[in-house]
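Participant: My file is entry.txt. It has compact mmCIF, C-alpha atoms:
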# COMPACT_ATOMS: atom_id res chain seq x y z
CA MET A 1 -0.19 -7.89 26.30
CA PRO A 2 3.39 -8.99 25.53
CA VAL A 3 5.18 -11.42 27.84
CA GLN A 4 8.84 -11.19 28.78
CA PHE A 5 11.15 -13.41 30.81
CA ASP A 6 14.11 -11.29 31.90
CA GLN A 7 17.09 -13.27 33.26
CA VAL A 8 14.80 -15.51 35.29
CA GLY A 9 16.41 -17.91 37.72
CA LYS A 10 14.88 -20.34 40.20
CA SER A 11 16.45 -22.96 42.48
CA TYR A 12 15.04 -25.68 44.71
CA ASP A 13 17.67 -26.09 47.42
CA ALA A 14 20.84 -26.97 45.48
CA PHE A 15 19.00 -27.80 42.23
CA ARG A 16 18.96 -25.01 39.63
CA ALA A 17 15.61 -25.49 37.87
CA VAL A 18 15.79 -22.31 35.73
CA ASP A 19 19.10 -20.63 34.97
CA ASP A 20 19.16 -17.04 33.65
CA VAL A 21 16.42 -17.49 31.02
CA SER A 22 15.37 -14.55 28.82
CA PHE A 23 12.92 -14.46 25.91
CA GLU A 24 9.81 -12.62 24.74
CA VAL A 25 6.38 -13.67 23.51
CA TRP A 26 4.39 -11.32 21.29
CA GLU A 27 0.73 -10.56 20.81
CA GLY A 28 -1.06 -12.52 18.10
CA GLU A 29 1.26 -15.52 18.11
CA ILE A 30 1.28 -19.12 19.23
CA PHE A 31 4.55 -19.67 21.06
CA GLY A 32 5.99 -23.13 21.73
CA LEU A 33 7.77 -23.71 25.05
CA LEU A 34 9.69 -26.95 24.55
CA GLY A 35 12.06 -29.16 26.47
CA PRO A 36 12.46 -32.65 27.96
CA ASN A 37 10.83 -33.67 31.22
CA GLY A 38 12.40 -31.82 34.14
CA ALA A 39 13.91 -29.12 31.93
CA GLY A 40 12.26 -26.21 33.76
CA LYS A 41 9.24 -25.47 31.54
CA THR A 42 6.63 -25.92 34.26
CA THR A 43 8.66 -23.79 36.66
CA LEU A 44 8.73 -20.99 34.08
CA MET A 45 4.97 -21.23 33.56
CA ARG A 46 4.33 -21.19 37.31
CA ILE A 47 6.54 -18.12 37.67
CA LEU A 48 4.58 -16.41 34.91
CA MET A 49 1.32 -17.31 36.68
CA ASP A 50 2.70 -16.05 40.02
CA ILE A 51 2.38 -19.49 41.57
CA LEU A 52 6.13 -19.29 42.19
CA ARG A 53 8.40 -16.28 42.58
CA PRO A 54 11.79 -16.25 40.83
CA ASP A 55 15.01 -16.05 42.84
CA THR A 56 16.49 -13.74 40.23
CA GLY A 57 15.14 -11.81 37.24
CA ARG A 58 11.54 -10.99 36.36
CA ALA A 59 8.57 -12.33 34.43
CA LEU A 60 6.71 -9.39 32.89
CA ILE A 61 3.20 -9.15 31.46
CA ASP A 62 2.43 -5.92 29.64
CA GLY A 63 5.64 -4.47 31.04
CA ARG A 64 4.67 -5.12 34.67
CA PRO A 65 5.80 -7.92 37.00
CA SER A 66 3.55 -10.95 36.61
CA TRP A 67 2.58 -10.84 40.29
CA GLY A 68 0.87 -7.50 39.58
CA ALA A 69 -0.89 -8.59 36.39
CA ASP A 70 -4.65 -8.68 35.93
CA LYS A 71 -5.28 -12.40 36.49
CA ASP A 72 -8.75 -12.14 34.93
CA ARG A 73 -7.03 -11.58 31.56
CA ILE A 74 -5.08 -14.84 31.84
CA GLY A 75 -6.12 -18.45 31.25
CA TYR A 76 -3.93 -21.30 32.54
CA LEU A 77 -4.19 -24.99 31.73
CA PRO A 78 -1.82 -26.84 34.08
CA GLU A 79 -0.57 -30.33 33.39
CA GLU A 80 -2.22 -31.43 36.64
CA ARG A 81 -5.94 -31.29 35.89
CA GLY A 82 -8.36 -29.72 38.35
CA LEU A 83 -12.04 -30.40 37.61
CA TYR A 84 -14.65 -31.05 40.29
CA ARG A 85 -15.60 -34.58 39.38
CA LYS A 86 -18.95 -34.76 41.22
CA GLN A 87 -20.24 -31.47 39.81
CA LYS A 88 -22.21 -31.03 36.59
CA VAL A 89 -20.15 -30.01 33.55
CA ALA A 90 -21.97 -26.73 32.90
CA ASP A 91 -21.83 -25.77 36.59
CA VAL A 92 -18.06 -26.31 36.64
CA LEU A 93 -17.58 -24.00 33.67
CA VAL A 94 -19.86 -21.34 35.18
CA TYR A 95 -17.89 -21.55 38.44
CA PHE A 96 -14.55 -21.03 36.68
CA GLY A 97 -16.01 -18.15 34.70
CA MET A 98 -17.24 -16.43 37.87
CA LEU A 99 -13.81 -16.89 39.45
CA LYS A 100 -12.51 -14.77 36.58
CA GLY A 101 -15.02 -12.00 37.20
CA MET A 102 -17.89 -13.03 34.92
CA GLU A 103 -21.50 -12.53 35.95
CA ALA A 104 -23.36 -15.79 36.48
CA GLY A 105 -25.76 -15.29 33.56
CA LYS A 106 -23.00 -14.41 31.10
CA ALA A 107 -20.87 -17.28 32.35
CA ARG A 108 -23.74 -19.72 31.74
CA GLU A 109 -24.28 -18.36 28.20
CA ALA A 110 -20.56 -18.64 27.47
CA ALA A 111 -20.48 -22.18 28.89
CA GLN A 112 -23.36 -23.33 26.67
CA ALA A 113 -21.73 -21.81 23.56
CA ALA A 114 -18.36 -23.36 24.42
CA LEU A 115 -19.84 -26.82 25.05
CA THR A 116 -21.67 -26.65 21.73
CA ARG A 117 -18.49 -25.73 19.88
CA LEU A 118 -16.73 -28.81 21.21
CA GLU A 119 -19.81 -31.01 20.75
CA LEU A 120 -20.38 -31.50 24.47
CA GLN A 121 -23.79 -29.80 24.73
CA ASP A 122 -25.55 -33.11 25.47
CA TRP A 123 -23.27 -33.63 28.48
CA ALA A 124 -23.87 -30.23 30.10
CA LYS A 125 -25.98 -31.64 32.94
CA ARG A 126 -23.90 -34.79 33.46
CA LYS A 127 -21.33 -35.07 36.23
CA VAL A 128 -17.70 -34.65 35.24
CA GLN A 129 -16.82 -38.14 36.50
CA GLU A 130 -19.19 -39.64 33.91
CA LEU A 131 -17.14 -38.23 31.02
CA SER A 132 -14.34 -40.04 29.24
CA LYS A 133 -10.76 -38.85 29.69
CA GLY A 134 -10.85 -37.04 26.36
CA MET A 135 -14.14 -35.32 27.19
CA GLN A 136 -12.78 -34.22 30.56
CA GLN A 137 -9.76 -32.79 28.78
CA LYS A 138 -12.03 -30.73 26.53
CA VAL A 139 -13.95 -29.44 29.56
CA GLN A 140 -10.62 -28.55 31.20
CA ILE A 141 -9.65 -26.56 28.10
CA LEU A 142 -13.01 -24.78 28.07
CA SER A 143 -12.58 -23.87 31.74
CA THR A 144 -9.30 -22.20 30.76
CA LEU A 145 -10.94 -20.17 27.99
CA ILE A 146 -14.43 -19.50 29.38
CA HIS A 147 -13.61 -15.85 30.25
CA ASP A 148 -12.00 -15.10 26.86
CA PRO A 149 -8.49 -14.35 28.21
CA ASP A 150 -5.88 -12.27 26.37
CA LEU A 151 -3.02 -14.55 27.50
CA VAL A 152 -3.46 -18.34 27.39
CA VAL A 153 -0.85 -20.66 28.89
CA MET A 154 -1.38 -24.35 28.15
CA ASP A 155 0.61 -27.35 29.37
CA GLU A 156 0.01 -30.42 27.16
CA PRO A 157 -3.47 -29.42 25.91
CA PHE A 158 -3.70 -32.33 23.44
CA SER A 159 -3.22 -35.04 26.07
CA GLY A 160 -5.93 -37.71 25.82
CA LEU A 161 -7.56 -36.29 22.69
CA ASP A 162 -8.41 -38.37 19.61
CA PRO A 163 -7.64 -36.95 16.12
CA VAL A 164 -11.10 -35.38 15.71
CA ASN A 165 -10.94 -33.54 19.04
CA THR A 166 -7.30 -32.63 18.47
CA ARG A 167 -8.38 -30.84 15.29
CA MET A 168 -11.13 -29.00 17.19
CA VAL A 169 -8.65 -27.74 19.78
CA ARG A 170 -6.20 -26.74 17.05
CA GLU A 171 -8.92 -24.65 15.43
CA ILE A 172 -9.60 -22.94 18.75
CA LEU A 173 -5.91 -22.05 19.16
CA VAL A 174 -5.72 -20.70 15.61
CA ASP A 175 -8.81 -18.61 16.29
CA LEU A 176 -7.23 -17.18 19.45
CA LYS A 177 -4.18 -16.17 17.44
CA ALA A 178 -6.33 -14.56 14.74
CA ARG A 179 -8.00 -12.44 17.43
CA GLY A 180 -4.66 -11.13 18.65
CA LYS A 181 -4.35 -13.30 21.75
CA ILE A 182 -1.09 -14.72 23.09
CA VAL A 183 -0.94 -18.52 23.33
CA ILE A 184 2.00 -20.16 25.12
CA LEU A 185 1.91 -23.86 24.33
CA SER A 186 4.01 -26.51 26.05
CA THR A 187 3.86 -29.91 24.41
CA HIS A 188 6.04 -32.86 23.45
CA GLN A 189 4.13 -33.31 20.18
CA MET A 190 6.57 -31.78 17.72
CA GLU A 191 4.18 -32.15 14.79
CA MET A 192 1.79 -29.82 16.63
CA VAL A 193 4.56 -27.32 17.22
CA GLU A 194 5.49 -27.30 13.53
CA ALA A 195 1.84 -26.95 12.50
CA LEU A 196 0.81 -24.26 14.99
CA CYS A 197 3.70 -22.28 16.46
CA ASP A 198 5.14 -19.06 15.07
CA ARG A 199 8.17 -19.06 17.35
CA ILE A 200 9.65 -21.42 19.94
CA ALA A 201 11.97 -21.52 22.91
CA MET A 202 13.58 -24.73 24.09
CA ILE A 203 14.73 -25.19 27.67
CA ASP A 204 17.19 -27.91 28.64
CA ARG A 205 18.57 -28.35 32.16
CA GLY A 206 17.14 -24.98 33.07
CA ARG A 207 18.85 -23.06 30.28
CA LEU A 208 17.58 -21.55 27.04
CA VAL A 209 19.15 -23.56 24.20
CA LEU A 210 16.94 -22.64 21.20
CA TYR A 211 14.93 -19.50 20.42
CA GLY A 212 13.43 -18.15 17.22
CA THR A 213 10.88 -18.89 14.53
CA VAL A 214 10.28 -22.51 13.66
CA HIS A 215 11.81 -21.88 10.22
CA GLU A 216 14.89 -20.19 11.69
CA VAL A 217 15.50 -23.00 14.14
CA ARG A 218 15.05 -25.72 11.52
CA ARG A 219 17.35 -24.00 9.02
CA ALA A 220 20.01 -23.25 11.64
CA HIS A 221 20.13 -26.91 12.68
CA SER A 222 19.81 -28.49 9.27
CA GLU A 223 22.64 -30.31 7.62
CA ASP A 224 23.19 -29.67 3.93
CA ALA A 225 20.30 -31.71 2.64
CA LEU A 226 17.89 -31.95 -0.27
CA LEU A 227 14.45 -33.41 -0.84
CA VAL A 228 14.31 -35.02 -4.29
CA LYS A 229 11.45 -36.55 -6.23
CA GLY A 230 11.98 -39.29 -8.75
CA ALA A 231 13.67 -42.66 -9.09
CA GLY A 232 17.40 -42.94 -8.62
CA ASP A 233 20.09 -44.81 -6.73
CA TRP A 234 20.82 -41.66 -4.74
CA GLY A 235 22.72 -43.42 -1.98
CA ALA A 236 25.40 -44.46 -4.47
CA PHE A 237 26.23 -40.87 -5.41
CA ARG A 238 29.65 -39.54 -4.40
CA THR A 239 27.99 -36.28 -3.28
CA VAL A 240 25.44 -38.05 -1.05
CA ARG A 241 26.22 -39.30 2.46
CA ALA A 242 22.77 -40.73 3.26
CA ALA A 243 19.41 -41.21 1.53
CA LYS A 244 16.12 -41.74 3.36
CA ALA A 245 12.65 -42.15 1.82
CA GLU A 246 10.01 -39.69 3.04
CA GLY A 247 6.74 -40.50 1.33
CA GLU A 248 7.02 -39.73 -2.39
CA LYS A 249 10.32 -37.94 -1.86
CA THR A 250 13.79 -38.90 -0.66
CA ARG A 251 15.83 -36.89 1.83
CA LEU A 252 19.47 -36.70 0.77
CA THR A 253 22.11 -35.68 3.27
CA LEU A 254 24.98 -34.35 1.19
CA ALA A 255 28.54 -35.48 1.75
CA GLU A 256 30.80 -33.13 3.68
CA GLY A 257 31.80 -30.23 1.45
CA ALA A 258 29.35 -31.17 -1.31
CA SER A 259 26.85 -28.64 -2.65
CA ALA A 260 23.48 -28.93 -4.35
CA ARG A 261 25.12 -27.80 -7.61
CA GLU A 262 27.71 -30.58 -7.39
CA PHE A 263 24.95 -33.12 -6.70
CA LEU A 264 23.03 -31.97 -9.80
CA ALA A 265 26.19 -32.13 -11.89
CA GLU A 266 26.76 -35.72 -10.75
CA ALA A 267 23.10 -36.54 -11.42
CA ALA A 268 23.44 -35.17 -14.98
CA ALA A 269 26.60 -37.20 -15.52
CA ARG A 270 24.76 -40.33 -14.38
CA ASP A 271 21.72 -39.42 -16.51
CA ALA A 272 19.61 -39.52 -13.33
CA ILE A 273 18.40 -35.95 -12.84
CA PRO A 274 15.54 -35.88 -10.26
CA ASP A 275 12.07 -34.78 -11.34
CA ALA A 276 12.14 -32.08 -8.65
CA TYR A 277 14.31 -31.03 -5.73
CA GLU A 278 14.30 -28.51 -2.89
CA ALA A 279 16.36 -27.59 0.16
CA ALA A 280 15.37 -29.73 3.14
CA GLU A 281 14.91 -28.61 6.74
CA THR A 282 15.52 -30.94 9.66
CA PRO A 283 12.29 -31.86 11.51
CA LEU A 284 11.92 -30.31 14.96
CA GLU A 285 11.75 -33.75 16.55
CA GLU A 286 15.25 -34.58 15.29
CA ILE A 287 16.56 -31.20 16.46
CA PHE A 288 14.94 -31.74 19.87
CA VAL A 289 16.56 -35.16 20.31
CA SER A 290 19.95 -33.94 19.05
CA VAL A 291 20.06 -30.92 21.37
CA VAL A 292 19.01 -32.95 24.41
CA ARG A 293 21.60 -35.64 23.70
CA LYS A 294 24.29 -33.05 23.16
CA GLY A 295 23.44 -31.44 26.48
CA ALA A 296 23.55 -34.78 28.25
CA ALA A 297 26.98 -35.49 26.78
What is this file in structure tokens?
Facilitator:
Amino acid sequence: MPVQFDQVGKSYDAFRAVDDVSFEVWEGEIFGLLGPNGAGKTTLMRILMDILRPDTGRALIDGRPSWGADKDRIGYLPEERGLYRKQKVADVLVYFGMLKGMEAGKAREAAQAALTRLELQDWAKRKVQELSKGMQQKVQILSTLIHDPDLVVMDEPFSGLDPVNTRMVREILVDLKARGKIVILSTHQMEMVEALCDRIAMIDRGRLVLYGTVHEVRRAHSEDALLVKGAGDWGAFRTVRAAKAEGEKTRLTLAEGASAREFLAEAAARDAIPDAYEAAETPLEEIFVSVVRKGAA
């Protein structure tokens, strides 16, 4: 069930929210859709879900326009939550399952299993409004997945979750990937993107500005840098422009024109060879900030 955005464009009056965006998402991967607030991510997701229609281009699911896709095979977690607060938790999940074509009995079985997995079984008969924000977020996620969709689109799924529940949701996403599902994940938590996503696309001011595997993007936007382990006055080296501690290691940004070999030669001359070293990749968060600032300039 591959997903494709083909030269998609969308405007609101004179504002161009999405501008000629094209990329693909493959089966069996977790795909990160990134960008600052107002960049056009939500518009793209709504076009994919056929909540909005594009002005130009197409969003395709399985090679067919998204408006003709089998909606029962899709799960969507919007940023704006939509639980029925005065209904019982289990009843809400059963209702969402039946909306996606499940029989009532099977929906109730699936709801009980899902609540148990996220340690909410004792809250099944409680009203949604009695749950904490984090618990409600877990119920919202379960309502997205109750029918075992092949395509899952999630907007900020980790919002309001503590570390324990964040890990539970991560495990669910990894399991979906292992079963060949497509997961499109929009989040501002770059550490989650680095931990979970196979490939990413970044939208800024409606345009596609980054696209590829996490490794490809980090390498393409990395300065010549090394991670070194060991004691040394690295910042004083002629071949080093900046040194920054990162846990037990130090990130060295090499001076313009300097190479790793030249750094090691200088280290040998100073009798300060590091215990270990490796090529360093720039964190996604730094790339994100740099690209957004560059676009603003």
Participant: For A:Leu33, find every residue with an atom within 8 Å (counting only C-alpha atoms), except residues of its own chain fewer than 6 positions away, and show them as a compact mmCIF listing (two decimals) with C-alpha atoms, in the coordinates of the input.
Facilitator:
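The result, stored in part-v7.txt:
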# COMPACT_ATOMS: atom_id res chain seq x y z
CA LYS A 41 9.24 -25.47 31.54
CA ILE A 184 2.00 -20.16 25.12
CA LEU A 185 1.91 -23.86 24.33
CA SER A 186 4.01 -26.51 26.05
CA THR A 187 3.86 -29.91 24.41
CA ILE A 200 9.65 -21.42 19.94
CA ALA A 201 11.97 -21.52 22.91
CA MET A 202 13.58 -24.73 24.09
CA ILE A 203 14.73 -25.19 27.67
Participant: Take atom CA of A:Ala178 and atom CA of A:Lys71 and report the distance between them in Å, one decimal.
Facilitator: 21.9 Å
Participant: For A:Lys181, which of A:Asp198, A:Asp162, A:Asp148, A:Glu80 is the closest residue, counting only C-alpha atoms?
Facilitator: A:Asp148
Participant: What is the distance, in Å and to one decimal place, between atom CA of A:Thr144 and atom CA of A:Ala110?
Facilitator: 12.3 Å
Participant: From (6.6, -24.3, 32.5), in the file's coordinates, out to 10 Å: which residues are reached, counting all atoms listed in the file? Answer as a list in words.
Facilitator: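 Protein, DNA and RNA residues close to (6.6, -24.3, 32.5): Val18, Leu33, Leu34, Gly35, Gly38, Ala39, Gly40, Lys41, Thr42, Thr43, Leu44, Met45, Arg46, Ile47, Leu48, Met49, Pro78, Glu79, Val153, Met154, Asp155, Ile184, Leu185, Ser186 and Ile203 of chain A.
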Participant: A:Gln4, A:Gln137, A:Gln129, A:Ser259: which is nearest A:Ser22, counting only C-alpha atoms?
Facilitator: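 Nearest to A:Ser22: A:Gln4.
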Participant: The residues within 6 Å of (2.9, -16.4, 23.0), using all atoms listed in the file and the coordinates of the file, should be reported as number ranges by chain; which are they?
Facilitator: A: 25-26, 29-31, 182-184
Participant: How would the residues just chosen look if you wrote them out with C-alpha atoms as a compact mmCIF listing (two decimals), in the frame of the given file?
Facilitator:
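Produced file part35.txt, reproduced below:
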# COMPACT_ATOMS: atom_id res chain seq x y z
CA VAL A 25 6.38 -13.67 23.51
CA TRP A 26 4.39 -11.32 21.29
CA GLU A 29 1.26 -15.52 18.11
CA ILE A 30 1.28 -19.12 19.23
CA PHE A 31 4.55 -19.67 21.06
CA ILE A 182 -1.09 -14.72 23.09
CA VAL A 183 -0.94 -18.52 23.33
CA ILE A 184 2.00 -20.16 25.12
Participant: Which of these, A:Val164, A:Leu151, A:Leu131, A:Leu99, has the shortest distance to A:Leu77 once you count only C-alpha atoms?
Facilitator: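 Smallest distance to A:Leu77 is found for A:Leu151.
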Participant: Could you tell me how far atom CA of A:His215 sits from atom CA of A:Ala260, in Å to one decimal place?
Facilitator: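 Separation between atom CA of A:Ala260 and atom CA of A:His215: 20.0 Å.
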Participant: Which residue gives the smallest distance to A:Val128 among A:Ala104, A:Ala113, A:Ile287, A:Val92, with all atoms listed in the file counted?
Facilitator: A:Val92
Participant: With all atoms of stretch 31-49 of chain A from the file as input, state the centre and edge lengths in Å to one decimal of the axis-aligned box that has 5 Å extra on each side, as lines of an AutoDock Vina configuration file.
Facilitator:
center_x = 7.6
center_y = -25.0
center_z = 29.4
size_x = 22.6
size_y = 27.3
size_z = 26.6
Participant: Identify which of the residues A:Glu191, A:Glu246, A:Asp271, A:Glu262 lies closest to A:Val214, counting all atoms listed in the file when measuring atom-to-atom distances.
Facilitator: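 Of A:Glu191, A:Glu246, A:Asp271, A:Glu262, the one nearest A:Val214, counting all atoms listed in the file, is A:Glu191.
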Participant: Which residue out of A:Ala245, A:Leu161, A:Ala114, A:Val89 has the minimum interatomic distance to A:Arg126 when all atoms listed in the file are used?
Facilitator: A:Val89
Participant: Please list as number ranges by chain every residue within 12 Å of A:Pro274, counting only C-alpha atoms and excluding residues in the same chain fewer than 6 positions away.
Facilitator: A: 226-234, 249-250, 252, 263-268
Participant: Which residues, written as an mmCIF file with C-alpha atoms, keeping the file's coordinate frame, have at least one atom at most 10 Å from A:Leu115, with all atoms listed in the file counted and residues fewer than 2 positions away on the same chain left out?
Facilitator:
data_model
loop_
_atom_site.group_PDB
_atom_site.id
_atom_site.type_symbol
_atom_site.label_atom_id
_atom_site.label_comp_id
_atom_site.auth_asym_id
_atom_site.auth_seq_id
_atom_site.Cartn_x
_atom_site.Cartn_y
_atom_site.Cartn_z
ATOM 1 C CA VAL A 89 -20.150 -30.010 33.550
ATOM 2 C CA ALA A 90 -21.970 -26.730 32.900
ATOM 3 C CA LEU A 93 -17.580 -24.000 33.670
ATOM 4 C CA ALA A 110 -20.560 -18.640 27.470
ATOM 5 C CA ALA A 111 -20.480 -22.180 28.890
ATOM 6 C CA GLN A 112 -23.360 -23.330 26.670
ATOM 7 C CA ALA A 113 -21.730 -21.810 23.560
ATOM 8 C CA ARG A 117 -18.490 -25.730 19.880
ATOM 9 C CA LEU A 118 -16.730 -28.810 21.210
ATOM 10 C CA GLU A 119 -19.810 -31.010 20.750
ATOM 11 C CA LEU A 120 -20.380 -31.500 24.470
ATOM 12 C CA GLN A 121 -23.790 -29.800 24.730
ATOM 13 C CA ASP A 122 -25.550 -33.110 25.470
ATOM 14 C CA TRP A 123 -23.270 -33.630 28.480
ATOM 15 C CA ALA A 124 -23.870 -30.230 30.100
ATOM 16 C CA LYS A 138 -12.030 -30.730 26.530
ATOM 17 C CA VAL A 139 -13.950 -29.440 29.560
ATOM 18 C CA LEU A 142 -13.010 -24.780 28.070
#
